[in-house]
Structure formats: structure tokens, C-alpha cells
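Chemist: As input, take entry-v5.pdb (PDB, C-alpha atoms):
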MODEL        1
ATOM      1  CA  MET A   4     -50.578  28.187 -10.585  1.00  0.00           C
ATOM      2  CA  TRP A   5     -48.397  31.190  -9.762  1.00  0.00           C
ATOM      3  CA  GLU A   6     -51.371  33.150  -8.469  1.00  0.00           C
ATOM      4  CA  ARG A   7     -52.223  30.305  -6.128  1.00  0.00           C
ATOM      5  CA  MET A   8     -48.635  30.159  -4.844  1.00  0.00           C
ATOM      6  CA  ILE A   9     -48.564  33.938  -4.321  1.00  0.00           C
ATOM      7  CA  ALA A  10     -51.888  33.799  -2.469  1.00  0.00           C
ATOM      8  CA  LYS A  11     -50.604  30.964  -0.287  1.00  0.00           C
ATOM      9  CA  LYS A  12     -47.380  32.857   0.463  1.00  0.00           C
ATOM     10  CA  THR A  13     -49.335  35.987   1.342  1.00  0.00           C
ATOM     11  CA  SER A  14     -51.646  34.088   3.668  1.00  0.00           C
ATOM     12  CA  ARG A  15     -48.690  32.411   5.393  1.00  0.00           C
ATOM     13  CA  LEU A  16     -46.981  35.790   5.774  1.00  0.00           C
ATOM     14  CA  PHE A  17     -50.144  37.197   7.328  1.00  0.00           C
ATOM     15  CA  VAL A  18     -50.417  34.277   9.751  1.00  0.00           C
ATOM     16  CA  ARG A  19     -46.779  34.710  10.767  1.00  0.00           C
ATOM     17  CA  GLY A  20     -47.385  38.404  11.339  1.00  0.00           C
ATOM     18  CA  VAL A  21     -50.415  37.704  13.533  1.00  0.00           C
ATOM     19  CA  LEU A  22     -48.503  35.128  15.581  1.00  0.00           C
ATOM     20  CA  LEU A  23     -45.597  37.526  16.056  1.00  0.00           C
ATOM     21  CA  PHE A  24     -48.032  40.282  17.053  1.00  0.00           C
ATOM     22  CA  LEU A  25     -49.527  38.032  19.738  1.00  0.00           C
ATOM     23  CA  VAL A  26     -46.074  37.065  21.010  1.00  0.00           C
ATOM     24  CA  GLY A  27     -44.972  40.701  21.185  1.00  0.00           C
ATOM     25  CA  THR A  28     -48.174  41.687  22.989  1.00  0.00           C
ATOM     26  CA  PHE A  29     -47.675  38.908  25.529  1.00  0.00           C
ATOM     27  CA  PHE A  30     -44.053  39.918  26.134  1.00  0.00           C
ATOM     28  CA  ALA A  31     -45.104  43.545  26.642  1.00  0.00           C
ATOM     29  CA  LEU A  32     -47.693  42.568  29.246  1.00  0.00           C
ATOM     30  CA  VAL A  33     -45.281  40.331  31.163  1.00  0.00           C
ATOM     31  CA  LEU A  34     -42.333  42.755  31.093  1.00  0.00           C
ATOM     32  CA  ASN A  35     -44.492  45.759  31.968  1.00  0.00           C
ATOM     33  CA  LEU A  36     -45.821  43.796  34.935  1.00  0.00           C
ATOM     34  CA  LEU A  37     -42.244  43.308  36.150  1.00  0.00           C
ATOM     35  CA  GLN A  38     -41.615  47.052  35.913  1.00  0.00           C
ATOM     36  CA  VAL A  39     -44.837  47.913  37.720  1.00  0.00           C
ATOM     37  CA  GLN A  40     -43.907  45.519  40.529  1.00  0.00           C
ATOM     38  CA  ARG A  41     -40.654  47.436  40.991  1.00  0.00           C
ATOM     39  CA  GLN A  42     -42.576  50.728  40.665  1.00  0.00           C
ATOM     40  CA  VAL A  43     -40.341  52.103  37.929  1.00  0.00           C
ATOM     41  CA  THR A  44     -43.130  53.242  35.603  1.00  0.00           C
ATOM     42  CA  LEU A  45     -45.734  55.924  36.044  1.00  0.00           C
ATOM     43  CA  TYR A  46     -48.393  57.331  33.757  1.00  0.00           C
ATOM     44  CA  PRO A  47     -49.528  60.968  33.625  1.00  0.00           C
ATOM     45  CA  ASP A  48     -52.594  61.829  35.658  1.00  0.00           C
ATOM     46  CA  VAL A  49     -54.491  63.402  32.782  1.00  0.00           C
ATOM     47  CA  ILE A  50     -58.086  62.208  32.684  1.00  0.00           C
ATOM     48  CA  ASP A  51     -58.979  63.625  29.296  1.00  0.00           C
ATOM     49  CA  THR A  52     -56.077  62.011  27.437  1.00  0.00           C
ATOM     50  CA  VAL A  53     -56.287  58.823  25.405  1.00  0.00           C
ATOM     51  CA  PHE A  54     -53.020  57.753  27.012  1.00  0.00           C
ATOM     52  CA  LEU A  55     -54.523  57.580  30.486  1.00  0.00           C
ATOM     53  CA  SER A  56     -53.417  53.962  30.909  1.00  0.00           C
ATOM     54  CA  ALA A  57     -50.954  51.656  29.182  1.00  0.00           C
ATOM     55  CA  TRP A  58     -53.571  50.036  26.977  1.00  0.00           C
ATOM     56  CA  TRP A  59     -51.685  51.287  23.901  1.00  0.00           C
ATOM     57  CA  LEU A  60     -48.339  49.777  24.892  1.00  0.00           C
ATOM     58  CA  PRO A  61     -48.982  46.035  24.205  1.00  0.00           C
ATOM     59  CA  PRO A  62     -50.477  46.637  20.716  1.00  0.00           C
ATOM     60  CA  CYS A  63     -47.538  48.878  19.803  1.00  0.00           C
ATOM     61  CA  CYS A  64     -45.070  46.250  21.005  1.00  0.00           C
ATOM     62  CA  GLY A  65     -47.022  43.575  19.144  1.00  0.00           C
ATOM     63  CA  THR A  66     -46.860  45.570  15.919  1.00  0.00           C
ATOM     64  CA  ALA A  67     -43.129  46.157  16.383  1.00  0.00           C
ATOM     65  CA  ALA A  68     -42.617  42.438  17.054  1.00  0.00           C
ATOM     66  CA  ALA A  69     -44.459  41.531  13.841  1.00  0.00           C
ATOM     67  CA  ILE A  70     -42.256  43.898  11.819  1.00  0.00           C
ATOM     68  CA  VAL A  71     -39.019  42.709  13.443  1.00  0.00           C
ATOM     69  CA  GLY A  72     -39.961  39.039  13.206  1.00  0.00           C
ATOM     70  CA  LEU A  73     -40.633  39.388   9.481  1.00  0.00           C
ATOM     71  CA  LEU A  74     -37.519  41.482   8.828  1.00  0.00           C
ATOM     72  CA  PHE A  75     -35.042  38.957  10.257  1.00  0.00           C
ATOM     73  CA  PRO A  76     -35.716  36.111   7.790  1.00  0.00           C
ATOM     74  CA  TYR A  77     -35.982  38.655   4.959  1.00  0.00           C
ATOM     75  CA  PHE A  78     -32.527  40.078   5.697  1.00  0.00           C
ATOM     76  CA  ASP A  79     -31.166  36.542   6.098  1.00  0.00           C
ATOM     77  CA  GLN A  80     -32.409  35.753   2.633  1.00  0.00           C
ATOM     78  CA  GLN A  81     -31.038  38.979   1.147  1.00  0.00           C
ATOM     79  CA  HIS A  82     -27.579  38.510   2.684  1.00  0.00           C
ATOM     80  CA  GLY A  83     -27.423  34.767   2.165  1.00  0.00           C
ATOM     81  CA  THR A  84     -27.224  34.109   5.891  1.00  0.00           C
ATOM     82  CA  SER A  85     -27.957  30.555   6.949  1.00  0.00           C
ATOM     83  CA  GLN A  86     -30.969  30.201   9.230  1.00  0.00           C
ATOM     84  CA  CYS A  87     -30.021  26.699  10.261  1.00  0.00           C
ATOM     85  CA  TYR A  88     -27.743  27.555  13.202  1.00  0.00           C
ATOM     86  CA  LYS A  89     -29.519  26.026  16.170  1.00  0.00           C
ATOM     87  CA  GLN A  90     -32.857  27.012  14.671  1.00  0.00           C
ATOM     88  CA  GLU A  91     -35.074  24.577  16.496  1.00  0.00           C
ATOM     89  CA  TRP A  92     -38.046  25.339  18.672  1.00  0.00           C
ATOM     90  CA  SER A  93     -36.191  24.056  21.730  1.00  0.00           C
ATOM     91  CA  SER A  94     -33.423  26.588  21.043  1.00  0.00           C
ATOM     92  CA  VAL A  95     -35.975  29.351  20.493  1.00  0.00           C
ATOM     93  CA  MET A  96     -37.642  28.552  23.818  1.00  0.00           C
ATOM     94  CA  LYS A  97     -34.247  28.722  25.551  1.00  0.00           C
ATOM     95  CA  CYS A  98     -33.651  32.094  23.900  1.00  0.00           C
ATOM     96  CA  ILE A  99     -37.001  33.322  25.230  1.00  0.00           C
ATOM     97  CA  ALA A 100     -36.099  32.081  28.717  1.00  0.00           C
ATOM     98  CA  VAL A 101     -32.755  33.924  28.616  1.00  0.00           C
ATOM     99  CA  PHE A 102     -34.472  37.101  27.389  1.00  0.00           C
ATOM    100  CA  VAL A 103     -36.993  36.981  30.235  1.00  0.00           C
ATOM    101  CA  GLY A 104     -34.095  36.294  32.616  1.00  0.00           C
ATOM    102  CA  ILE A 105     -32.269  39.408  31.406  1.00  0.00           C
ATOM    103  CA  ASN A 106     -35.401  41.488  32.023  1.00  0.00           C
ATOM    104  CA  HIS A 107     -35.896  39.867  35.408  1.00  0.00           C
ATOM    105  CA  ALA A 108     -32.283  40.648  36.355  1.00  0.00           C
ATOM    106  CA  SER A 109     -32.616  44.289  35.278  1.00  0.00           C
ATOM    107  CA  VAL A 110     -35.687  44.712  37.470  1.00  0.00           C
ATOM    108  CA  LYS A 111     -35.086  42.472  40.471  1.00  0.00           C
ATOM    109  CA  ILE A 112     -31.328  42.776  41.096  1.00  0.00           C
ATOM    110  CA  ASP A 113     -30.016  45.908  42.804  1.00  0.00           C
ATOM    111  CA  PHE A 114     -26.728  46.766  41.115  1.00  0.00           C
ATOM    112  CA  ALA A 115     -24.143  48.981  42.796  1.00  0.00           C
ATOM    113  CA  ASN A 116     -24.388  51.633  40.076  1.00  0.00           C
ATOM    114  CA  ASN A 117     -25.705  52.250  36.578  1.00  0.00           C
ATOM    115  CA  LEU A 118     -22.339  51.420  34.991  1.00  0.00           C
ATOM    116  CA  GLN A 119     -22.359  47.964  36.552  1.00  0.00           C
ATOM    117  CA  LEU A 120     -25.939  47.488  35.361  1.00  0.00           C
ATOM    118  CA  SER A 121     -25.095  48.519  31.798  1.00  0.00           C
ATOM    119  CA  LEU A 122     -21.971  46.352  31.582  1.00  0.00           C
ATOM    120  CA  THR A 123     -23.737  43.307  33.028  1.00  0.00           C
ATOM    121  CA  LEU A 124     -26.763  43.570  30.739  1.00  0.00           C
ATOM    122  CA  THR A 125     -24.544  44.308  27.728  1.00  0.00           C
ATOM    123  CA  ALA A 126     -22.550  41.146  28.361  1.00  0.00           C
ATOM    124  CA  MET A 127     -25.724  39.099  28.835  1.00  0.00           C
ATOM    125  CA  SER A 128     -27.310  40.519  25.665  1.00  0.00           C
ATOM    126  CA  ILE A 129     -24.240  39.883  23.519  1.00  0.00           C
ATOM    127  CA  GLY A 130     -24.049  36.412  25.029  1.00  0.00           C
ATOM    128  CA  LEU A 131     -27.658  35.808  23.990  1.00  0.00           C
ATOM    129  CA  TRP A 132     -26.822  36.865  20.432  1.00  0.00           C
ATOM    130  CA  TRP A 133     -23.679  34.702  20.361  1.00  0.00           C
ATOM    131  CA  ILE A 134     -25.439  31.585  21.634  1.00  0.00           C
ATOM    132  CA  PHE A 135     -28.676  31.818  19.657  1.00  0.00           C
ATOM    133  CA  ASP A 136     -27.818  33.839  16.550  1.00  0.00           C
ATOM    134  CA  ARG A 137     -24.194  34.650  15.617  1.00  0.00           C
ATOM    135  CA  SER A 138     -25.212  36.275  12.324  1.00  0.00           C
ATOM    136  CA  ARG A 139     -24.000  39.705  11.249  1.00  0.00           C
ATOM    137  CA  SER A 140     -27.446  40.620   9.981  1.00  0.00           C
ATOM    138  CA  GLY A 141     -28.947  39.668  13.337  1.00  0.00           C
ATOM    139  CA  PHE A 142     -26.395  41.751  15.240  1.00  0.00           C
ATOM    140  CA  GLY A 143     -26.892  44.735  12.933  1.00  0.00           C
ATOM    141  CA  LEU A 144     -30.665  44.549  13.187  1.00  0.00           C
ATOM    142  CA  GLY A 145     -30.420  44.145  16.964  1.00  0.00           C
ATOM    143  CA  VAL A 146     -28.278  47.277  17.291  1.00  0.00           C
ATOM    144  CA  GLY A 147     -30.567  49.225  14.973  1.00  0.00           C
ATOM    145  CA  ILE A 148     -33.633  48.130  16.933  1.00  0.00           C
ATOM    146  CA  ALA A 149     -31.959  49.053  20.229  1.00  0.00           C
ATOM    147  CA  VAL A 150     -31.036  52.545  19.037  1.00  0.00           C
ATOM    148  CA  PHE A 151     -34.398  53.280  17.405  1.00  0.00           C
ATOM    149  CA  ALA A 152     -36.523  51.857  20.251  1.00  0.00           C
ATOM    150  CA  THR A 153     -34.458  53.683  22.900  1.00  0.00           C
ATOM    151  CA  LEU A 154     -34.940  56.984  21.067  1.00  0.00           C
ATOM    152  CA  VAL A 155     -38.693  56.337  20.823  1.00  0.00           C
ATOM    153  CA  ALA A 156     -38.851  55.485  24.541  1.00  0.00           C
ATOM    154  CA  GLN A 157     -36.985  58.690  25.429  1.00  0.00           C
ATOM    155  CA  PHE A 158     -39.360  60.699  23.231  1.00  0.00           C
ATOM    156  CA  LEU A 159     -42.362  59.179  25.021  1.00  0.00           C
ATOM    157  CA  VAL A 160     -40.808  60.009  28.390  1.00  0.00           C
ATOM    158  CA  TYR A 161     -40.007  63.624  27.497  1.00  0.00           C
ATOM    159  CA  SER A 162     -43.484  64.026  25.987  1.00  0.00           C
ATOM    160  CA  GLY A 163     -45.070  62.907  29.260  1.00  0.00           C
ATOM    161  CA  ILE A 164     -46.857  59.952  27.676  1.00  0.00           C
ATOM    162  CA  TYR A 165     -44.749  57.399  29.534  1.00  0.00           C
ATOM    163  CA  ARG A 166     -42.823  58.115  32.711  1.00  0.00           C
ATOM    164  CA  TYR A 167     -40.434  56.524  35.151  1.00  0.00           C
ATOM    165  CA  THR A 168     -40.159  57.304  38.825  1.00  0.00           C
ATOM    166  CA  ALA A 169     -37.451  59.862  39.540  1.00  0.00           C
ATOM    167  CA  SER A 170     -35.356  57.431  41.578  1.00  0.00           C
ATOM    168  CA  ASN A 171     -35.294  54.821  38.797  1.00  0.00           C
ATOM    169  CA  PHE A 172     -35.091  56.977  35.675  1.00  0.00           C
ATOM    170  CA  LEU A 173     -31.334  56.666  35.150  1.00  0.00           C
ATOM    171  CA  TYR A 174     -31.433  53.053  36.322  1.00  0.00           C
ATOM    172  CA  VAL A 175     -34.006  51.996  33.744  1.00  0.00           C
ATOM    173  CA  ARG A 176     -32.568  54.184  30.978  1.00  0.00           C
ATOM    174  CA  SER A 177     -29.241  52.396  31.371  1.00  0.00           C
ATOM    175  CA  SER A 178     -30.904  49.027  30.746  1.00  0.00           C
ATOM    176  CA  LEU A 179     -33.202  49.973  27.843  1.00  0.00           C
ATOM    177  CA  PRO A 180     -30.748  49.486  24.930  1.00  0.00           C
ATOM    178  CA  CYS A 181     -29.777  46.014  26.162  1.00  0.00           C
ATOM    179  CA  ILE A 182     -33.403  45.035  26.714  1.00  0.00           C
ATOM    180  CA  PHE A 183     -34.362  46.168  23.218  1.00  0.00           C
ATOM    181  CA  PHE A 184     -31.323  44.477  21.667  1.00  0.00           C
ATOM    182  CA  SER A 185     -31.968  41.110  23.314  1.00  0.00           C
ATOM    183  CA  GLY A 186     -35.691  41.454  22.597  1.00  0.00           C
ATOM    184  CA  GLY A 187     -34.993  42.068  18.916  1.00  0.00           C
ATOM    185  CA  ILE A 188     -32.787  38.979  18.715  1.00  0.00           C
ATOM    186  CA  THR A 189     -35.418  36.885  20.495  1.00  0.00           C
ATOM    187  CA  ILE A 190     -38.298  38.021  18.292  1.00  0.00           C
ATOM    188  CA  GLY A 191     -36.065  37.605  15.252  1.00  0.00           C
ATOM    189  CA  ASN A 192     -35.348  33.985  16.159  1.00  0.00           C
ATOM    190  CA  ILE A 193     -39.059  33.321  16.564  1.00  0.00           C
ATOM    191  CA  GLY A 194     -39.701  34.890  13.162  1.00  0.00           C
ATOM    192  CA  ARG A 195     -36.936  32.812  11.608  1.00  0.00           C
ATOM    193  CA  GLN A 196     -38.330  29.601  13.023  1.00  0.00           C
ATOM    194  CA  LEU A 197     -41.811  30.430  11.773  1.00  0.00           C
ATOM    195  CA  ALA A 198     -40.347  31.166   8.327  1.00  0.00           C
ATOM    196  CA  ILE A 199     -38.472  27.849   8.293  1.00  0.00           C
ATOM    197  CA  ALA A 200     -41.647  26.023   9.277  1.00  0.00           C
ATOM    198  CA  ASP A 201     -43.478  27.721   6.393  1.00  0.00           C
ATOM    199  CA  ASP A 202     -40.749  26.811   3.905  1.00  0.00           C
ATOM    200  CA  MET A 203     -40.849  23.189   4.988  1.00  0.00           C
ATOM    201  CA  GLU A 204     -44.598  23.079   4.380  1.00  0.00           C
ATOM    202  CA  VAL A 205     -44.436  24.673   0.911  1.00  0.00           C
ATOM    203  CA  PRO A 206     -44.202  21.900  -1.699  1.00  0.00           C
ATOM    204  CA  GLY A 207     -41.382  22.055  -4.181  1.00  0.00           C
ATOM    205  CA  ILE A 208     -38.998  24.231  -2.166  1.00  0.00           C
ATOM    206  CA  SER A 209     -36.966  21.429  -0.667  1.00  0.00           C
ATOM    207  CA  THR A 210     -36.777  19.593  -3.978  1.00  0.00           C
ATOM    208  CA  SER A 211     -35.657  22.695  -5.852  1.00  0.00           C
ATOM    209  CA  LYS A 212     -32.901  23.289  -3.300  1.00  0.00           C
ATOM    210  CA  GLU A 213     -31.753  19.699  -3.642  1.00  0.00           C
ATOM    211  CA  HIS A 214     -31.514  20.077  -7.430  1.00  0.00           C
ATOM    212  CA  LYS A 215     -29.451  23.231  -7.022  1.00  0.00           C
ATOM    213  CA  ASP A 216     -27.090  21.409  -4.704  1.00  0.00           C
TER     214      ASP A 216
ENDMDL
END
Could you write out this file's structure as C-alpha cells?

Modeler:
Amino acid sequence: MWERMIAKKTSRLFVRGVLLFLVGTFFALVLNLLQVQRQVTLYPDVIDTVFLSAWWLPPCCGTAAAIVGLLFPYFDQQHGTSQCYKQEWSSVMKCIAVFVGINHASVKIDFANNLQLSLTLTAMSIGLWWIFDRSRSGFGLGVGIAVFATLVAQFLVYSGIYRYTASNFLYVRSSLPCIFFSGGITIGNIGRQLAIADDMEVPGISTSKEHKD
């Protein structure tokens, strides 16, 4: 009985991870396309390197999305955070739309300076968290993701694996933390919704919760 439940939980966790990987890969392709259209990214002209093109970027983003999407509901459970605040697929889709809008604004709108860009995107990112999350664990994970991902991006740039055009380097670097923060919140909400859907399908969970209440 318990072995069957553990096997079912493991299979559901794997399916959620695969779905999150596909979502992260799709986001990477779309957002990278926006950057290429603005001509803010370049790749090193080294023929004999495995990093000749950006083929490695979507799988890496997909893997990161799977990890983040699984971490959010786990931390919610550990900290006793309710996942029920506006956790519906319609709300998740709105969150995705706002996230894409933030990326679109960072690429398409010409701000007066980098400070104005940073302040605008920071306000939009915090607004996304406030509207679609409002949890301390979500905010903490979002900040951690933003810091870690920004450091990784800077390492890739300084290593020559991934480059920006000289005219847009400071411009894009100013927007990266906000993009990663809002992206973490968005992927986290998707992961939460997938976890809620799994819990609703597992027999006995709802009844046990009702008995506890």
C-alpha cells in the first residue's frame, strides 16, 4: 500500500518536473528571441567550441525551471504557507502574461537611463509578486534566484560563453535581477498549481485534511 503510494508520488513528481522543464525551455526560446530582435546578445565566433550557438541555453533554463517549480511548493509546505491565494490556472496565466510583459518592456522600451530602467522593472516585479504571490517564502526564493542567476549570467559573460553587445551591456545587466526575480515567481506559481492539482487527484488527502479540521 505504502509502496504504491510512494511510487505514485514519485511518478507525479517526475511528470511535474518534465512539465516545468518544457515550460522553462519555451520561456527561454521566446525571451531569447526578444533579445535577439533587439540585438543585445552575441555569441563568440569560435568554431571548435561546443558553445557555438545557444542550443544549450533552453535546456539549462528548463532544468532551472523544473528545480524552482518543485522548490516553491516544497518550501510552502515546510513553512506552512497557504498555496490557496489566487492559485487558479486563470491567475497563473495572468502571471505569465505579466512576466512576458515585463520582459517585453525591458527589451522594447527605450528608457532614459539605466536607473530608470532598474526602478521601473523593480516596481513591476514586486507588483507581480504582490498580486500573484504575497508569501514570504516566495519573495525569499525570488530574491535568492535573482542573485544566483545574475551571478551565473555575469560569469558566462566574463567567460566569453555568452555576450551582450557593448552598447547594451549595462542596459541589460540592469534588468537581469528583475527578470530573474519575476521569472522565479512565475515558475513558482506554475509549480504550485501543478502541486495542488496533484494533491486534489491523490485519494485520501482531502479527507484527511477535513478530519484534522

Chemist: Let me make sure I understand: among A:Gly104, A:Gly27, A:Gly147, A:Gly163, which one has the smallest atom-to-atom distance to Gly72 (chain A) if we use all atoms listed in the file?

Modeler: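 Counting all atoms listed in the file, the residue closest to Gly72 (chain A) is A:Gly27.
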
Chemist: Counting all atoms listed in the file, figure out which residue out of A:Ser109, A:Gln81, A:Thr28, A:Ser94 gets nearest to Thr125 (chain A).

Modeler: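 Nearest candidate to Thr125 (chain A) out of A:Ser109, A:Gln81, A:Thr28, A:Ser94: A:Ser109.
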
Chemist: Do you have the CA of Ile190 (chain A)-CA of Val71 (chain A) distance handy?

Modeler: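 Atom-to-atom, CA of Ile190 (chain A) to CA of Val71 (chain A), that is 6.8 Å.
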
Chemist: Could you give me, as a list in words, the residues within 12 Å of Leu22 (chain A), counting all atoms listed in the file and dropping anything in the same chain fewer than 5 positions from it?

Modeler: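 Residues near the query, excluding close chain neighbours: Arg15, Leu16, Phe17, Gly27, Thr28, Phe29, Gly65, Thr66, Ala68, Ala69, Ile70, Gly72, Leu73, Ile190, Ile193, Gly194, Gln196, Leu197 and Ala198 of chain A.
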
Chemist: Could you please determine the separation between CA of Arg195 (chain A) and CA of Phe75 (chain A) in Å, to one decimal place?

Modeler: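 Result for CA of Arg195 (chain A) versus CA of Phe75 (chain A): 6.6 Å, one decimal.
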
Chemist: Identify which of the residues A:Gln80, A:Ser177, A:Glu91, A:Phe135 lies closest to Phe114 (chain A), counting all atoms listed in the file when measuring atom-to-atom distances.

Modeler: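 Comparing A:Gln80, A:Ser177, A:Glu91, A:Phe135 against Phe114 (chain A), the winner is A:Ser177.
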
Chemist: Please compute the CA of Met127 (chain A)-CA of Trp92 (chain A) distance, one decimal, in Å.

Modeler: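 These two atoms are separated by 21.1 Å.
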
Chemist: Would you please work out which residue, of A:Leu144, A:Val33, A:Val21, A:Leu60, is nearest to Phe102 (chain A) when using all atoms listed in the file?

Modeler: A:Val33

Chemist: Rank nothing, just name the residue among A:Lys12, A:Arg7, A:His107, A:Lys97 nearest to Leu36 (chain A), using only C-alpha atoms.

Modeler: A:His107

Chemist: Nearest to Gln119 (chain A): which of A:Asn106, A:Ser178, A:Gln157, A:Ser138 is it, counting all atoms listed in the file?

Modeler: A:Ser178

Chemist: Padding 8 Å on every side, please: axis-aligned box over the listed atoms of region 107-113 of chain A, centre and edge lengths to one decimal in Å, as JSON.

Modeler:
{"center_x": -33.0, "center_y": 42.9, "center_z": 39.0, "size_x": 21.9, "size_y": 22.0, "size_z": 23.5}
